[in-house]
>>> print(open('work_7.txt').read())   # compact mmCIF, C-alpha atoms
# COMPACT_ATOMS: atom_id res chain seq x y z
CA MET S 279 239.97 87.02 15.17
CA GLU S 280 240.15 83.30 15.86
CA ARG S 281 243.48 81.65 15.29
CA PRO S 282 243.27 78.39 13.37
CA ARG S 283 244.24 75.45 15.55
CA ARG S 284 247.19 73.54 14.26
CA THR S 285 246.97 69.78 14.49
CA CYS S 286 249.55 67.06 14.48
CA ALA S 287 249.24 63.31 13.98
CA GLU S 288 249.11 61.44 17.26
CA THR S 289 251.63 58.94 15.93
CA CYS S 290 254.23 61.69 15.82
CA LEU S 291 253.71 62.38 19.50
CA GLU S 292 253.91 58.70 20.39
CA LEU S 293 257.07 58.18 18.38
CA LEU S 294 258.62 61.32 19.83
CA SER S 295 257.99 60.26 23.41
CA LEU S 296 259.34 56.77 22.70
CA GLN S 297 262.44 58.25 21.14
CA ILE S 298 262.98 60.63 24.06
CA VAL S 299 263.06 57.67 26.43
CA HIS S 300 265.33 55.73 24.10
CA TYR S 301 267.73 58.64 23.68
CA TYR S 302 268.09 59.55 27.32
CA ALA S 303 268.36 55.92 28.36
CA GLY S 304 271.45 55.73 26.17
CA GLN S 305 273.08 58.85 27.57
CA ASN S 306 275.70 58.51 30.24
CA GLN S 307 275.62 61.98 31.72
CA ALA S 308 272.18 62.24 33.20
CA PRO S 309 269.82 59.52 34.36
CA LEU S 310 266.73 58.98 32.27
CA ALA S 311 264.30 59.98 34.98
CA ALA S 312 265.93 63.34 35.69
CA SER S 313 266.16 64.37 32.04
CA THR S 314 262.65 63.42 31.06
CA GLU S 315 261.33 64.97 34.29
CA ALA S 316 262.94 68.26 33.36
CA ILE S 317 261.45 68.20 29.87
CA GLY S 318 258.02 67.22 31.13
CA PHE S 319 257.99 69.83 33.87
CA ARG S 320 258.64 72.65 31.43
CA VAL S 321 256.09 71.34 28.94
CA GLY S 322 253.52 71.00 31.73
CA ARG S 323 254.02 74.60 32.81
CA GLN S 324 253.62 75.96 29.32
CA LEU S 325 250.66 73.76 28.51
CA ALA S 326 248.92 74.87 31.69
CA GLU S 327 249.45 78.47 30.66
CA ARG S 328 248.02 77.82 27.22
CA CYS S 329 245.09 75.63 28.25
CA THR S 330 243.83 78.02 30.91
CA TRP S 331 243.93 80.98 28.57
CA ASP S 332 240.28 81.71 28.07
CA ARG S 333 238.76 79.83 30.98
CA PRO S 334 237.12 81.12 34.14
CA ARG S 335 239.38 81.24 37.16
CA LEU S 336 240.00 78.06 39.10
CA VAL S 337 239.49 79.04 42.70
CA ASP S 338 240.31 76.00 44.76
CA GLN S 339 242.10 72.67 44.72
CA LEU S 340 239.10 70.73 43.53
CA ASP S 341 238.55 73.11 40.61
CA VAL S 342 242.16 72.66 39.54
CA MET S 343 241.91 68.87 39.78
CA LYS S 344 238.69 68.86 37.78
CA PHE S 345 240.37 70.99 35.15
CA ILE S 346 243.27 68.52 35.00
CA CYS S 347 240.95 65.54 34.74
CA LYS S 348 238.85 67.04 32.00
CA GLU S 349 240.26 69.75 29.77
CA PHE S 350 243.94 69.13 30.37
CA TRP S 351 243.64 65.37 29.93
CA ILE S 352 241.68 65.87 26.72
CA GLU S 353 244.38 68.19 25.37
CA LEU S 354 247.12 65.69 26.13
CA PHE S 355 245.52 62.28 25.87
CA GLN S 356 242.36 62.88 23.82
CA LYS S 357 240.05 61.63 26.54
CA GLN S 358 238.99 62.45 30.08
CA VAL S 359 240.15 60.75 33.21
CA ASP S 360 237.79 57.92 34.01
CA ASN S 361 237.85 58.05 37.76
CA LEU S 362 239.03 60.57 40.33
CA ARG S 363 239.35 59.60 43.98
CA THR S 364 240.55 61.72 46.85
CA ASN S 365 241.09 61.38 50.54
CA HIS S 366 240.29 65.07 50.99
CA ARG S 367 243.67 65.54 52.60
CA GLY S 368 245.70 66.35 49.53
CA THR S 369 245.96 62.96 47.83
CA PHE S 370 244.23 62.31 44.54
CA VAL S 371 244.19 59.19 42.43
CA LEU S 372 243.39 59.63 38.75
CA LYS S 373 242.47 56.46 36.98
CA ASP S 374 242.69 56.31 33.22
CA ALA S 375 241.24 53.04 31.95
CA ASN S 376 242.94 53.24 28.60
CA PHE S 377 246.09 55.31 28.74
CA ARG S 378 246.90 56.22 25.16
CA TRP S 379 250.59 56.86 25.54
CA LEU S 380 251.08 53.31 26.75
CA SER S 381 248.70 51.73 24.28
CA LYS S 382 251.55 50.28 22.26
CA LEU S 383 253.23 48.72 25.27
CA SER S 384 252.54 45.04 25.56
CA SER S 385 250.64 44.06 28.67
CA ASP S 386 251.75 40.50 28.41
CA LEU S 387 255.42 40.58 29.24
CA PRO S 388 256.97 37.35 30.51
CA ALA S 389 258.21 37.49 34.09
CA PRO S 390 262.03 37.80 34.23
CA GLU S 391 263.04 34.59 36.11
CA LYS S 392 260.58 32.07 34.78
CA ALA S 393 262.77 29.03 34.01
CA ASP S 394 260.04 26.72 32.71
CA ALA S 395 258.24 29.31 30.62
CA THR S 396 258.59 27.31 27.41
CA GLU S 397 256.88 24.25 28.83
CA GLN S 398 254.00 26.29 30.11
CA ASN S 399 253.30 28.01 26.81
CA ALA S 400 250.18 25.98 26.31
CA GLY S 401 249.02 26.66 29.85
CA PRO S 402 246.05 28.86 30.73
CA VAL S 403 246.61 32.52 30.03
CA ALA S 404 245.52 33.57 33.51
CA ASN S 405 248.40 31.67 35.06
CA ASP S 406 250.89 33.33 32.76
CA SER S 407 249.75 36.92 33.02
CA MET S 408 249.59 37.15 36.81
CA PRO S 409 253.36 37.30 37.47
CA SER S 410 253.89 39.52 34.44
CA ARG S 411 252.04 42.48 35.97
CA PRO S 412 254.98 43.80 38.01
CA ALA S 413 257.24 43.30 34.99
CA ALA S 414 254.90 45.32 32.79
CA ASN S 415 254.80 48.05 35.41
CA GLU S 416 258.62 48.11 35.56
CA ALA S 417 258.91 48.51 31.83
CA ALA S 418 256.21 51.14 31.74
CA GLN S 419 257.84 53.28 34.44
CA ASP S 420 260.47 54.48 31.96
CA TYR S 421 257.74 55.80 29.73
CA LEU S 422 255.72 57.25 32.57
CA HIS S 423 258.31 59.79 33.71
CA LEU S 424 257.26 62.15 30.95
CA PRO S 425 253.47 62.21 31.56
CA CYS S 426 254.00 62.40 35.33
CA ALA S 427 256.33 65.34 34.92
CA ILE S 428 253.91 67.11 32.59
CA ILE S 429 251.15 66.77 35.16
CA ARG S 430 253.47 67.92 37.93
CA GLY S 431 254.56 70.95 35.91
CA ALA S 432 250.98 71.94 35.18
CA LEU S 433 249.85 71.54 38.79
CA THR S 434 252.82 73.44 40.17
CA HIS S 435 252.22 76.29 37.78
CA LEU S 436 248.56 76.38 38.75
CA GLY S 437 249.53 76.83 42.37
CA LEU S 438 249.61 73.25 43.71
CA PRO S 439 253.13 71.97 44.31
CA CYS S 440 252.93 68.20 44.37
CA THR S 441 254.50 64.87 43.59
CA VAL S 442 253.07 62.60 40.92
CA SER S 443 253.63 58.89 40.59
CA ALA S 444 252.11 56.37 38.24
CA ASP S 445 251.17 52.77 38.52
CA ALA S 446 250.71 50.73 35.36
CA SER S 447 250.19 47.29 36.83
CA ALA S 448 246.93 46.90 35.00
CA LEU S 449 247.78 47.91 31.46
CA PRO S 450 246.19 49.50 29.48
CA ALA S 451 244.83 51.21 32.55
CA CYS S 452 247.09 53.56 34.44
CA ASP S 453 246.67 55.14 37.87
CA PHE S 454 248.27 58.45 38.69
CA THR S 455 248.69 59.31 42.34
CA ILE S 456 249.07 62.98 43.14
CA ASN S 457 250.20 64.14 46.58
CA ILE S 458 249.77 67.83 47.07
CA ARG S 459 252.32 69.32 49.40
CA ALA S 460 250.67 71.36 52.09
CA GLY S 461 251.69 74.91 52.83
CA MET V 244 240.82 105.45 24.92
CA VAL V 245 244.56 105.63 25.10
CA LEU V 246 246.62 102.95 26.76
CA VAL V 247 249.74 104.42 28.22
CA CYS V 248 251.37 101.52 29.97
CA ALA V 249 251.33 97.72 30.01
CA SER V 250 252.86 95.52 32.65
CA VAL V 251 253.17 91.83 33.45
CA VAL V 252 253.78 90.78 37.04
CA GLY V 253 254.60 87.24 38.11
CA ARG V 254 253.06 85.15 40.86
CA ALA V 255 255.47 86.39 43.51
CA ASN V 256 254.74 89.96 42.51
CA ASN V 257 258.02 90.11 40.62
CA PRO V 258 257.95 92.34 37.54
CA LEU V 259 258.28 90.41 34.30
CA TYR V 260 257.56 93.06 31.73
CA PHE V 261 256.98 96.78 31.67
CA ARG V 262 256.33 99.01 28.68
CA SER V 263 255.13 102.56 28.60
CA PHE V 264 254.32 104.55 25.55
CA LEU V 265 254.46 108.13 26.61
CA PRO V 266 257.23 110.50 25.58
CA GLY V 267 257.76 111.61 29.15
CA GLY V 268 261.13 110.08 29.87
CA ASP V 269 262.32 108.49 33.08
CA ALA V 270 260.12 110.43 35.47
CA GLU V 271 256.97 109.20 33.75
CA ILE V 272 258.23 105.63 33.71
CA LEU V 273 258.98 105.77 37.42
CA LYS V 274 255.53 107.14 38.11
CA PHE V 275 253.88 104.36 36.14
CA GLN V 276 255.94 101.71 37.88
CA TYR V 277 254.89 103.15 41.20
CA ILE V 278 251.23 103.13 40.14
CA VAL V 279 251.50 99.50 39.03
CA HIS V 280 253.14 98.59 42.32
CA CYS V 281 250.33 100.20 44.32
CA ALA V 282 247.75 98.51 42.17
CA LEU V 283 249.14 95.11 43.18
CA ASP V 284 247.52 95.54 46.57
CA ALA V 285 244.18 96.10 44.92
CA VAL V 286 244.73 92.90 42.93
CA GLU V 287 245.38 90.92 46.09
CA GLU V 288 242.21 92.29 47.59
CA LYS V 289 240.09 91.38 44.61
CA VAL V 290 241.57 87.94 44.34
CA THR V 291 241.28 86.88 47.95
CA ALA V 292 238.01 88.62 48.81
CA PRO V 293 235.21 87.21 46.71
CA GLN V 294 233.67 84.09 48.13
CA ARG V 295 231.73 82.09 45.61
CA ARG V 296 228.38 83.71 45.02
CA SER V 297 225.88 81.23 43.71
CA GLY V 298 226.08 80.96 39.95
CA ALA V 299 228.67 83.65 39.37
CA ALA V 300 231.74 82.39 37.55
CA VAL V 301 234.86 83.92 38.95
CA GLU V 302 236.53 85.57 36.05
CA SER V 303 239.99 86.65 35.13
CA TYR V 304 239.20 90.26 34.32
CA LEU V 305 239.44 92.24 37.55
CA GLY V 306 238.20 95.57 36.29
CA LEU V 307 239.23 98.95 37.56
CA LEU V 308 241.83 98.57 40.28
CA TYR V 309 243.02 101.97 41.18
CA PRO V 310 242.04 105.39 39.92
CA THR V 311 244.56 108.21 40.23
CA GLU V 312 243.86 111.76 39.19
CA ASP V 313 245.06 111.34 35.59
CA TYR V 314 245.04 107.62 35.03
CA ARG V 315 243.07 104.48 35.68
CA VAL V 316 244.62 101.05 36.22
CA TYR V 317 242.86 97.92 35.02
CA GLY V 318 243.87 94.46 36.08
CA TYR V 319 243.58 90.89 34.87
CA ILE V 320 244.83 87.76 36.54
CA SER V 321 245.42 84.46 34.81
CA ASN V 322 244.87 81.00 36.26
CA THR V 323 248.58 80.70 36.72
CA ARG V 324 248.54 83.79 38.95
CA ILE V 325 250.26 86.00 36.40
CA LYS V 326 248.92 89.54 36.65
CA LEU V 327 248.48 91.77 33.64
CA MET V 328 247.96 95.47 34.18
CA LEU V 329 247.08 98.27 31.85
CA ILE V 330 247.11 101.96 32.61
CA VAL V 331 244.77 104.10 30.53
CA ASP V 332 244.31 107.81 30.57
CA ASP V 333 240.72 108.01 29.43
CA HIS V 334 237.87 108.28 31.85
CA MET V 335 235.36 106.63 29.60
CA ALA V 336 237.05 103.27 29.09
CA ARG V 337 234.38 100.61 28.66
CA ASP V 338 234.64 97.25 30.37
CA GLU V 339 233.94 95.32 27.19
CA GLU V 340 236.73 97.04 25.34
CA MET V 341 239.14 96.42 28.21
CA ARG V 342 238.25 92.76 28.25
CA GLN V 343 239.06 92.45 24.55
CA VAL V 344 242.39 94.16 25.01
CA PHE V 345 243.26 91.95 27.97
CA LYS V 346 242.40 88.85 26.00
CA LYS V 347 244.83 89.86 23.30
CA PHE V 348 247.44 90.81 25.87
CA HIS V 349 247.04 87.45 27.60
CA GLN V 350 247.25 85.60 24.30
CA ALA V 351 250.47 87.43 23.49
CA TYR V 352 251.84 86.54 26.92
CA VAL V 353 250.96 82.86 26.49
CA ASP V 354 252.75 82.84 23.14
CA ALA V 355 255.83 84.44 24.65
CA ALA V 356 255.83 82.08 27.65
CA SER V 357 255.55 79.03 25.38
CA ASN V 358 258.98 79.71 23.96
CA PRO V 359 261.09 76.67 24.91
CA PHE V 360 264.04 78.95 25.56
CA TYR V 361 262.14 81.10 28.01
CA THR V 362 262.81 80.37 31.67
CA ALA V 363 259.71 80.83 33.76
CA ASN V 364 259.57 83.77 36.16
CA THR V 365 262.29 85.72 34.42
CA PRO V 366 261.77 89.01 32.59
CA LEU V 367 260.25 88.62 29.15
CA THR V 368 262.65 89.54 26.38
CA SER V 369 260.73 88.37 23.34
CA LYS V 370 260.81 90.91 20.54
CA ARG V 371 257.59 89.62 19.09
CA PHE V 372 255.82 90.08 22.42
CA ASP V 373 257.25 93.57 22.66
CA SER V 374 256.02 94.53 19.20
CA THR V 375 252.55 93.07 19.83
CA VAL V 376 252.22 95.05 23.03
CA THR V 377 253.56 98.20 21.41
CA ALA V 378 250.99 97.80 18.64
CA MET V 379 248.31 97.57 21.34
CA LEU V 380 249.57 100.69 23.07
CA THR V 381 249.85 102.78 19.90
CA PRO V 382 246.81 105.03 19.75
CA ARG V 383 244.46 104.01 17.02
CA THR V 384 243.68 106.71 14.46
>>> encode(input="work_7.txt", output="C-alpha cells")
Amino acid sequence: MERPRRTCAETCLELLSLQIVHYYAGQNQAPLAASTEAIGFRVGRQLAERCTWDRPRLVDQLDVMKFICKEFWIELFQKQVDNLRTNHRGTFVLKDANFRWLSKLSSDLPAPEKADATEQNAGPVANDSMPSRPAANEAAQDYLHLPCAIIRGALTHLGLPCTVSADASALPACDFTINIRAG
Amino acid sequence: MVLVCASVVGRANNPLYFRSFLPGGDAEILKFQYIVHCALDAVEEKVTAPQRRSGAAVESYLGLLYPTEDYRVYGYISNTRIKLMLIVDDHMARDEEMRQVFKKFHQAYVDAASNPFYTANTPLTSKRFDSTVTAMLTPRT
C-alpha cells in the first residue's frame, strides 16, 4: 500500500524560510542564529528519520556523507551536491554550484564603505564585484543558519555529531564545511 | 503468526515504547520487557559484527534475535539507530512476513517521530502510533 507523496510549491518553502529569518531578526528575546538553529536542528533530525526509512543501512562515515550529498540534498534542494572533498580526518566540504535557497539573493551587493560608488557606476563590472563578495557572504549568513542546522540535525541523528558552517562568497555557489567531532 | 509484543528502543538503549497484547497482566509484561532487554545484546552483536561482504547490502531487518521456549524475538534497526523489536509466539514465522510488518512498524514510528511537538529520545505518547501498533498486534481472523 503505497502512500501518495504530497507535494508543495517550492516558492512556499522559499518564502517561509525568508520569513523565518525576518521574524527572528526582529525579535528581541533570542538571537536569530540560535532560534533558526533550533528549528533547523529539529527539522534535520526528523527529515533524516523520514528519508532513511526504506534504505539499506549506512555503515560508515563515508556512506552517511554520500547519503547526505545525494538523497538528502535532493529531498531538500532538488539537486545533488556537485562536489564533495574530504581530508579523511573528519572534515568534509560540500560544494553546491547553484544553491537554490539563495537563488533569490543578489550576488552583486555594493560594498558597505564605497564612497565613490556613484562615479564608478560606468566602470567595468569586474572591478565592482570583487569587493562585494564579502558583503554578499555577510548578508547570506543570516539565511544560511537554517540549512546548516538542518544538515547538522540530520548528521547528528545519523550518528555523526558535527559542526556545519557555510561560505557563500561565490554566489550562487555555496560551500558547506562539515567538521565531524571525533569520539 | 501472532505478535504478542512490540517495542521501540532508542539509540542509547533507552526504552521509547512498549506494548503487549496478551491478557496476562503485569507478570507477562515484565517477562516481555526482560526478553526485549536481553535481545538488545543480540542486536549489538548483529550490528557490530558483519564486515562488508562483497555485494551484500547491509539491511535493516536483523532477523531472529533470540528464541526462548515459548517466544521468538525479531529485530530491526533503522539508520538512526532506533531499534524495533517484535515478539511472536509462532514457530513458523516467515522472514518475508516479518519484513513487511517491520516496514509498517517503522513507517508508523517515522510518522510519530515527525510530530513537531515530539521531543526526540523521549517515550512516544502518540495515540495514533499506539492504535496503529495495536492494530498490528491484533490477531488477524
>>> atom_distance(input="work_7.txt", atom1="CA of Glu349 (chain S)", atom2="CA of Cys329 (chain S)")
7.8 Å
>>> closest_atom_pairs(input="work_7.txt", of="chain V", to="chain S", cutoff="9 Å", atoms="all atoms listed in the file", output="Markdown table")
| residue | atom | partner | partner_atom | distance |
| --- | --- | --- | --- | --- |
| V:Arg295 | CA | S:Val337 | CA | 8.8 |
| V:Ala300 | CA | S:Pro334 | CA | 6.5 |
| V:Val301 | CA | S:Arg335 | CA | 5.6 |
| V:Glu302 | CA | S:Pro334 | CA | 4.9 |
| V:Ser303 | CA | S:Arg335 | CA | 5.8 |
| V:Ile320 | CA | S:Arg335 | CA | 8.5 |
| V:Ser321 | CA | S:Arg335 | CA | 7.2 |
| V:Asn322 | CA | S:Arg335 | CA | 5.6 |
| V:Thr323 | CA | S:Leu436 | CA | 4.8 |
| V:Arg324 | CA | S:Leu436 | CA | 7.4 |
| V:Lys346 | CA | S:Asp332 | CA | 7.7 |
| V:His349 | CA | S:Trp331 | CA | 7.2 |
| V:Gln350 | CA | S:Trp331 | CA | 7.1 |
| V:Val353 | CA | S:Arg328 | CA | 5.9 |
| V:Asp354 | CA | S:Arg328 | CA | 8.0 |
| V:Ala356 | CA | S:Gln324 | CA | 6.7 |
| V:Ser357 | CA | S:Gln324 | CA | 5.4 |
| V:Asn358 | CA | S:Gln324 | CA | 8.5 |
| V:Pro359 | CA | S:Arg320 | CA | 8.0 |
| V:Thr362 | CA | S:Arg320 | CA | 8.8 |
| V:Ala363 | CA | S:Arg323 | CA | 8.5 |
>>> residues_around(input="work_7.txt", residues="region 340-343 of chain V", least_positions_apart="6", cutoff="10 Å", atoms="only C-alpha atoms", output="number ranges by chain")
V: 244, 303-307, 317-319, 329, 331, 349
>>> closest_residue(input="work_7.txt", among="S:Ile458, S:Leu380, S:Leu293, S:Ala316", to="Asn365 (chain S)", atoms="only C-alpha atoms")
S:Ile458
>>> atom_distance(input="work_7.txt", atom1="CA of Val359 (chain S)", atom2="CA of Asp374 (chain S)")
5.1 Å
>>> atom_distance(input="work_7.txt", atom1="CA of Pro258 (chain V)", atom2="CA of Pro366 (chain V)")
7.1 Å
>>> axis_aligned_box(input="work_7.txt", around="region 259-270 of chain V", padding_each_side="8 Å", output="JSON")
{"center_x": 258.3, "center_y": 101.0, "center_z": 30.5, "size_x": 24.0, "size_y": 37.2, "size_z": 25.9}
>>> closest_atom_pairs(input="work_7.txt", of="region 320-396 of chain S", to="region 438-442 of chain S", cutoff="10 Å", atoms="only C-alpha atoms", output="JSON lines")
{"residue": "S:Asp338", "atom": "CA", "partner": "S:Leu438", "partner_atom": "CA", "distance": 9.8}
{"residue": "S:Gln339", "atom": "CA", "partner": "S:Leu438", "partner_atom": "CA", "distance": 7.6}
{"residue": "S:Val342", "atom": "CA", "partner": "S:Leu438", "partner_atom": "CA", "distance": 8.6}
{"residue": "S:Met343", "atom": "CA", "partner": "S:Leu438", "partner_atom": "CA", "distance": 9.7}
{"residue": "S:Gly368", "atom": "CA", "partner": "S:Cys440", "partner_atom": "CA", "distance": 9.1}
{"residue": "S:Thr369", "atom": "CA", "partner": "S:Cys440", "partner_atom": "CA", "distance": 9.4}
{"residue": "S:Phe370", "atom": "CA", "partner": "S:Val442", "partner_atom": "CA", "distance": 9.6}
{"residue": "S:Val371", "atom": "CA", "partner": "S:Val442", "partner_atom": "CA", "distance": 9.6}
>>> closest_residue(input="work_7.txt", among="S:Ser381, S:Asn376, S:Gln358, S:Gln307", to="Ala451 (chain S)", atoms="all atoms listed in the file")
S:Asn376
>>> residues_around(input="work_7.txt", residues="region 325-328 of chain V", least_positions_apart="5", cutoff="9 Å", atoms="only C-alpha atoms", output="ChimeraX atom specification")
/V:248-256,279,282-283,286,316-320,345,348-349
>>> residues_around(input="work_7.txt", residues="Arg371 (chain V)", least_positions_apart="4", cutoff="10 Å", atoms="only C-alpha atoms", output="list in words")
Ala351, Asp354, Ala355, Thr375, Val376 and Thr377 of chain V
>>> closest_residue(input="work_7.txt", among="S:Ser295, S:His366, S:Leu340, S:Pro450", to="Gly318 (chain S)", atoms="all atoms listed in the file")
S:Ser295
>>> build_atoms(input="work_7.txt", residues="region 337-347 of chain V", atoms="all heavy atoms", output="CSV table (one decimal), in the frame of the given file")
chain,number,residue,atom,x,y,z
V,337,ARG,N,235.5,101.6,28.4
V,337,ARG,CA,234.4,100.6,28.7
V,337,ARG,C,234.9,99.2,29.0
V,337,ARG,O,236.0,98.8,28.5
V,337,ARG,CB,233.5,100.5,27.4
V,337,ARG,CG,232.6,101.6,27.1
V,337,ARG,CD,231.8,101.3,25.9
V,337,ARG,NE,232.6,100.7,24.9
V,337,ARG,CZ,233.0,101.3,23.8
V,337,ARG,NH1,232.6,102.6,23.6
V,337,ARG,NH2,233.7,100.7,22.9
V,338,ASP,N,234.2,98.6,29.9
V,338,ASP,CA,234.6,97.2,30.4
V,338,ASP,C,234.8,96.3,29.2
V,338,ASP,O,235.8,95.5,29.2
V,338,ASP,CB,233.6,96.7,31.3
V,338,ASP,CG,234.1,96.7,32.8
V,338,ASP,OD1,235.2,97.3,33.0
V,338,ASP,OD2,233.4,96.2,33.6
V,339,GLU,N,233.9,96.3,28.3
V,339,GLU,CA,233.9,95.3,27.2
V,339,GLU,C,235.2,95.5,26.4
V,339,GLU,O,235.9,94.5,26.0
V,339,GLU,CB,232.7,95.5,26.3
V,339,GLU,CG,231.6,94.6,26.6
V,339,GLU,CD,232.1,93.2,26.9
V,339,GLU,OE1,232.7,92.5,26.1
V,339,GLU,OE2,231.8,92.7,28.0
V,340,GLU,N,235.5,96.8,26.1
V,340,GLU,CA,236.7,97.0,25.3
V,340,GLU,C,238.0,96.6,26.1
V,340,GLU,O,238.9,96.0,25.5
V,340,GLU,CB,236.8,98.6,25.1
V,340,GLU,CG,237.0,99.0,23.7
V,340,GLU,CD,237.1,100.5,23.6
V,340,GLU,OE1,236.1,101.2,23.9
V,340,GLU,OE2,238.2,100.9,23.3
V,341,MET,N,238.0,96.8,27.4
V,341,MET,CA,239.1,96.4,28.2
V,341,MET,C,239.3,94.9,28.2
V,341,MET,O,240.4,94.4,28.1
V,341,MET,CB,239.0,96.9,29.7
V,341,MET,CG,239.1,98.4,29.8
V,341,MET,SD,240.6,99.1,29.0
V,341,MET,CE,241.9,98.4,30.0
V,342,ARG,N,238.2,94.2,28.3
V,342,ARG,CA,238.2,92.8,28.2
V,342,ARG,C,238.9,92.3,27.0
V,342,ARG,O,239.7,91.4,27.0
V,342,ARG,CB,236.9,92.1,28.4
V,342,ARG,CG,236.3,91.9,29.7
V,342,ARG,CD,234.9,91.4,29.7
V,342,ARG,NE,234.1,92.1,30.6
V,342,ARG,CZ,233.8,91.7,31.8
V,342,ARG,NH1,234.2,90.5,32.2
V,342,ARG,NH2,233.0,92.4,32.6
V,343,GLN,N,238.5,92.9,25.8
V,343,GLN,CA,239.1,92.4,24.6
V,343,GLN,C,240.6,92.7,24.5
V,343,GLN,O,241.3,91.8,24.1
V,343,GLN,CB,238.4,93.3,23.4
V,343,GLN,CG,237.0,93.0,23.2
V,343,GLN,CD,236.8,91.6,22.7
V,343,GLN,OE1,237.6,91.0,22.0
V,343,GLN,NE2,235.6,91.0,23.2
V,344,VAL,N,241.0,93.8,25.0
V,344,VAL,CA,242.4,94.2,25.0
V,344,VAL,C,243.2,93.2,25.9
V,344,VAL,O,244.2,92.7,25.5
V,344,VAL,CB,242.6,95.6,25.5
V,344,VAL,CG1,244.1,95.9,25.5
V,344,VAL,CG2,241.9,96.6,24.5
V,345,PHE,N,242.6,92.9,27.1
V,345,PHE,CA,243.3,92.0,28.0
V,345,PHE,C,243.4,90.6,27.4
V,345,PHE,O,244.4,89.9,27.6
V,345,PHE,CB,242.5,91.9,29.3
V,345,PHE,CG,243.1,92.9,30.3
V,345,PHE,CD1,242.2,93.9,30.8
V,345,PHE,CD2,244.4,92.8,30.8
V,345,PHE,CE1,242.7,94.8,31.7
V,345,PHE,CE2,244.9,93.7,31.7
V,345,PHE,CZ,244.0,94.7,32.2
V,346,LYS,N,242.3,90.2,26.6
V,346,LYS,CA,242.4,88.8,26.0
V,346,LYS,C,243.6,88.8,25.0
V,346,LYS,O,244.3,87.8,25.0
V,346,LYS,CB,241.1,88.6,25.2
V,346,LYS,CG,240.2,87.5,25.9
V,346,LYS,CD,238.9,87.4,25.2
V,346,LYS,CE,239.0,86.4,24.0
V,346,LYS,NZ,237.7,85.8,23.7
V,347,LYS,N,243.7,89.8,24.3
V,347,LYS,CA,244.8,89.9,23.3
V,347,LYS,C,246.2,89.9,24.0
V,347,LYS,O,247.1,89.2,23.6
V,347,LYS,CB,244.7,91.1,22.4
V,347,LYS,CG,243.7,90.9,21.3
V,347,LYS,CD,244.0,91.8,20.1
V,347,LYS,CE,243.8,93.2,20.5
V,347,LYS,NZ,243.1,94.0,19.5
